[in-house]
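Participant: Next up is a structure, given as structure tokens.
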Amino acid sequence: QVQLVESGGGLVQAGGSLRLSCAASGSPFRISVMGWYRQPPGKQRELVARMASGGSTNYADSVKVRFTISRDNAENTVYLQMNSLKPEDTGVYYCNAFLYGIDYWGQGTQVTVSS
């Protein structure tokens with residue numbers, strides 16, 4: 001059973017930055033894909049960014065250039081550096097890990113961007 005613990009959310013003004021971290025435990029293997037999803041108020045959960053253990057990445061069009069995902073494979077940790085934040089980036093951010101066909105989710109961390 002993989003557990004994911006997120007940290008780094010909070011309240012920030014538009015144009016500011018935040019860095020999210022997610023540490024995975026409980027897996028003796030390198031996790032295939034780790035990433036971040038978010039759920040804006042009243043909307044469905046959506047992909048923000050994800051990164052495979054080999055280094056390939058996918059970003060939502062709305063965050064390209066502004067957000068950067070990175071991983072520490074040895075520690076099964078994933079980070080999301082968020083710059084030039086906008087009010088529309090507000091939402092609950094969830095860490096995701098994909099291992100042997102199973103999706104694991106963190107508890108979520110709130111990111112609020114004020115205008």
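Within each chain, counting starts at residue 1; across the structure tokens, chains are named A, B, ... in the order shown, with ligands numbered 1 upward in that order.
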Give me every strand (DSSP E or B) residue in range 9-111 of chain A, going by DSSP on the backbone, as JSON, numbers by chain.
Facilitator: {"A": [10, 11, 12, 13, 18, 19, 20, 21, 22, 23, 24, 25, 33, 34, 35, 36, 37, 38, 39, 46, 47, 48, 49, 50, 51, 52, 57, 58, 59, 67, 68, 69, 70, 71, 72, 77, 78, 79, 80, 81, 82, 91, 92, 93, 94, 95, 96, 97, 98, 99, 102, 103, 104, 105, 109, 110, 111]}
Participant: Find the residues around Ser84 in chain A up to 10 Å (only C-alpha atoms counted), leave out those fewer than 2 positions away in its own chain, and share them as a list of chain:residue names.
Facilitator: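 Using only C-alpha atoms, the neighbours found are A:Gln13, A:Ala14, A:Gly15, A:Gly16, A:Ser17, A:Leu18, A:Val63, A:Val65, A:Arg66, A:Phe67, A:Met82, A:Lys86, A:Asp89.
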Participant: Using only C-alpha atoms, which residues sit within 9 Å of Arg71 in chain A once same-chain residues fewer than 5 positions away are excluded, as a list in words?
Facilitator: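 The neighbour list is Met34, Met51, Ala52, Ser53, Gly55, Asn76, Thr77, Val78, Tyr79 and Leu80 of chain A.
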Participant: Mind checking which residues fall within 7 Å of Thr112 in chain A, counting only C-alpha atoms, ignoring those fewer than 4 positions away in the same chain, and posting them as an NGL selection string?
Facilitator: :A and (10-12 or 90-91)
Participant: Go ahead and write the selection's residues with N, CA, C and O atoms as an mmCIF file, in the first residue's frame.
Facilitator:
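Full text of part-v7.cif as output:
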```
data_model
loop_
_atom_site.group_PDB
_atom_site.id
_atom_site.type_symbol
_atom_site.label_atom_id
_atom_site.label_comp_id
_atom_site.auth_asym_id
_atom_site.auth_seq_id
_atom_site.Cartn_x
_atom_site.Cartn_y
_atom_site.Cartn_z
ATOM 1 N N GLY A 10 -1.149 26.693 0.328
ATOM 2 C CA GLY A 10 -1.377 27.890 1.126
ATOM 3 C C GLY A 10 -2.046 28.986 0.336
ATOM 4 O O GLY A 10 -2.579 28.753 -0.750
ATOM 5 N N LEU A 11 -2.011 30.176 0.902
ATOM 6 C CA LEU A 11 -2.614 31.361 0.305
ATOM 7 C C LEU A 11 -1.514 32.256 -0.247
ATOM 8 O O LEU A 11 -0.535 32.544 0.451
ATOM 9 N N VAL A 12 -1.686 32.697 -1.480
ATOM 10 C CA VAL A 12 -0.675 33.540 -2.110
ATOM 11 C C VAL A 12 -1.375 34.547 -3.018
ATOM 12 O O VAL A 12 -2.472 34.269 -3.524
ATOM 13 N N THR A 90 -6.483 28.381 -8.294
ATOM 14 C CA THR A 90 -7.047 28.008 -7.000
ATOM 15 C C THR A 90 -7.716 26.648 -7.061
ATOM 16 O O THR A 90 -8.432 26.338 -8.015
ATOM 17 N N GLY A 91 -7.483 25.840 -6.024
ATOM 18 C CA GLY A 91 -8.105 24.539 -5.941
ATOM 19 C C GLY A 91 -7.392 23.646 -4.953
ATOM 20 O O GLY A 91 -6.409 24.058 -4.323
#
```
Participant: Quick one: residues within 12 Å of Pro40 in chain A, only C-alpha atoms counted, chain neighbours fewer than 6 positions away excluded, as a PyMOL selection string?
Facilitator: chain A and resi 46-48+87-94+108-113
Participant: Any chance you could export the current selection's all heavy atoms as a short mmCIF file (atom, residue, chain, number, x, y, z; two decimals), in the first residue's frame?
Facilitator:
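Written output follows (out_16.cif):
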```cif
data_model
loop_
_atom_site.label_atom_id
_atom_site.label_comp_id
_atom_site.auth_asym_id
_atom_site.auth_seq_id
_atom_site.Cartn_x
_atom_site.Cartn_y
_atom_site.Cartn_z
N GLU A 46 -8.57 17.64 -12.49
CA GLU A 46 -7.87 17.73 -13.78
C GLU A 46 -6.38 17.55 -13.59
O GLU A 46 -5.83 17.89 -12.54
CB GLU A 46 -8.15 19.09 -14.44
CG GLU A 46 -7.68 20.28 -13.63
CD GLU A 46 -8.09 21.62 -14.21
OE1 GLU A 46 -8.98 21.67 -15.08
OE2 GLU A 46 -7.49 22.64 -13.80
N LEU A 47 -5.75 17.07 -14.63
CA LEU A 47 -4.30 16.91 -14.62
C LEU A 47 -3.62 18.27 -14.63
O LEU A 47 -3.98 19.15 -15.40
CB LEU A 47 -3.84 16.10 -15.82
CG LEU A 47 -2.32 16.01 -16.03
CD1 LEU A 47 -1.68 15.16 -14.95
CD2 LEU A 47 -2.01 15.46 -17.42
N VAL A 48 -2.61 18.42 -13.77
CA VAL A 48 -1.76 19.60 -13.80
C VAL A 48 -0.43 19.25 -14.48
O VAL A 48 -0.04 19.86 -15.48
CB VAL A 48 -1.48 20.14 -12.39
CG1 VAL A 48 -0.53 21.33 -12.44
CG2 VAL A 48 -2.79 20.53 -11.70
N PRO A 87 -5.45 33.57 -10.12
CA PRO A 87 -6.62 33.15 -9.33
C PRO A 87 -7.25 31.85 -9.84
O PRO A 87 -7.75 31.05 -9.04
CB PRO A 87 -7.58 34.34 -9.49
CG PRO A 87 -6.67 35.51 -9.67
CD PRO A 87 -5.52 34.99 -10.49
N GLU A 88 -7.18 31.62 -11.13
CA GLU A 88 -7.77 30.38 -11.68
C GLU A 88 -6.96 29.13 -11.34
O GLU A 88 -7.38 28.02 -11.65
CB GLU A 88 -7.96 30.49 -13.19
CG GLU A 88 -6.72 30.94 -13.96
CD GLU A 88 -6.74 32.45 -14.25
OE1 GLU A 88 -7.10 33.23 -13.34
OE2 GLU A 88 -6.37 32.81 -15.39
N ASP A 89 -5.81 29.30 -10.72
CA ASP A 89 -5.04 28.15 -10.23
C ASP A 89 -5.55 27.66 -8.87
O ASP A 89 -5.08 26.64 -8.37
CB ASP A 89 -3.55 28.50 -10.10
CG ASP A 89 -2.90 28.78 -11.44
OD1 ASP A 89 -3.17 28.05 -12.41
OD2 ASP A 89 -2.10 29.75 -11.51
N THR A 90 -6.48 28.38 -8.29
CA THR A 90 -7.05 28.01 -7.00
C THR A 90 -7.72 26.65 -7.06
O THR A 90 -8.43 26.34 -8.01
CB THR A 90 -8.06 29.07 -6.54
OG1 THR A 90 -7.36 30.29 -6.27
CG2 THR A 90 -8.79 28.62 -5.28
N GLY A 91 -7.48 25.84 -6.02
CA GLY A 91 -8.11 24.54 -5.94
C GLY A 91 -7.39 23.65 -4.95
O GLY A 91 -6.41 24.06 -4.32
N VAL A 92 -7.90 22.43 -4.83
CA VAL A 92 -7.23 21.43 -4.02
C VAL A 92 -6.30 20.64 -4.93
O VAL A 92 -6.74 20.11 -5.96
CB VAL A 92 -8.22 20.48 -3.32
CG1 VAL A 92 -7.47 19.44 -2.50
CG2 VAL A 92 -9.18 21.28 -2.45
N TYR A 93 -5.05 20.58 -4.56
CA TYR A 93 -4.04 19.89 -5.36
C TYR A 93 -3.77 18.52 -4.76
O TYR A 93 -3.48 18.40 -3.56
CB TYR A 93 -2.77 20.72 -5.43
CG TYR A 93 -2.87 21.87 -6.40
CD1 TYR A 93 -3.75 22.94 -6.16
CD2 TYR A 93 -2.12 21.91 -7.57
CE1 TYR A 93 -3.87 23.98 -7.05
CE2 TYR A 93 -2.23 22.96 -8.47
CZ TYR A 93 -3.11 23.99 -8.21
OH TYR A 93 -3.22 25.03 -9.10
N TYR A 94 -3.86 17.50 -5.60
CA TYR A 94 -3.68 16.13 -5.17
C TYR A 94 -2.44 15.52 -5.81
O TYR A 94 -2.25 15.62 -7.03
CB TYR A 94 -4.89 15.28 -5.56
CG TYR A 94 -6.18 15.66 -4.90
CD1 TYR A 94 -7.05 16.57 -5.49
CD2 TYR A 94 -6.53 15.13 -3.66
CE1 TYR A 94 -8.24 16.94 -4.89
CE2 TYR A 94 -7.73 15.47 -3.05
CZ TYR A 94 -8.57 16.38 -3.67
OH TYR A 94 -9.75 16.73 -3.06
N GLY A 108 -4.67 15.69 -0.44
CA GLY A 108 -4.93 16.99 -1.04
C GLY A 108 -4.42 18.13 -0.20
O GLY A 108 -4.40 18.06 1.04
N THR A 109 -3.98 19.18 -0.88
CA THR A 109 -3.55 20.39 -0.19
C THR A 109 -4.15 21.60 -0.91
O THR A 109 -4.18 21.65 -2.14
CB THR A 109 -2.00 20.48 -0.15
OG1 THR A 109 -1.59 21.61 0.62
CG2 THR A 109 -1.38 20.58 -1.54
N GLN A 110 -4.66 22.53 -0.12
CA GLN A 110 -5.38 23.67 -0.69
C GLN A 110 -4.40 24.74 -1.17
O GLN A 110 -3.46 25.11 -0.45
CB GLN A 110 -6.31 24.29 0.35
CG GLN A 110 -7.06 25.52 -0.11
CD GLN A 110 -8.11 25.21 -1.16
OE1 GLN A 110 -8.85 24.23 -1.04
NE2 GLN A 110 -8.21 26.06 -2.19
N VAL A 111 -4.62 25.20 -2.39
CA VAL A 111 -3.90 26.34 -2.94
C VAL A 111 -4.93 27.42 -3.27
O VAL A 111 -5.87 27.16 -4.02
CB VAL A 111 -3.11 25.95 -4.21
CG1 VAL A 111 -2.53 27.18 -4.89
CG2 VAL A 111 -2.00 24.97 -3.86
N THR A 112 -4.74 28.59 -2.69
CA THR A 112 -5.65 29.70 -2.93
C THR A 112 -4.85 30.89 -3.43
O THR A 112 -3.90 31.31 -2.77
CB THR A 112 -6.42 30.08 -1.66
OG1 THR A 112 -7.14 28.94 -1.18
CG2 THR A 112 -7.40 31.21 -1.95
N VAL A 113 -5.23 31.40 -4.59
CA VAL A 113 -4.54 32.54 -5.19
C VAL A 113 -5.50 33.72 -5.19
O VAL A 113 -6.56 33.66 -5.84
CB VAL A 113 -4.06 32.23 -6.61
CG1 VAL A 113 -3.25 33.40 -7.16
CG2 VAL A 113 -3.24 30.96 -6.64
#
```
Participant: Hey, what does DSSP flag as helix (DSSP H, G or I) within chain A? Can you give it to me as a ChimeraX atom specification?
Facilitator: /A:73-75,87-89
Participant: Find the residue from A:Gln107, A:Asn83, A:Ser56, A:Gln44 that sits nearest to Cys95 in chain A; use only C-alpha atoms when measuring.
Facilitator: A:Gln107
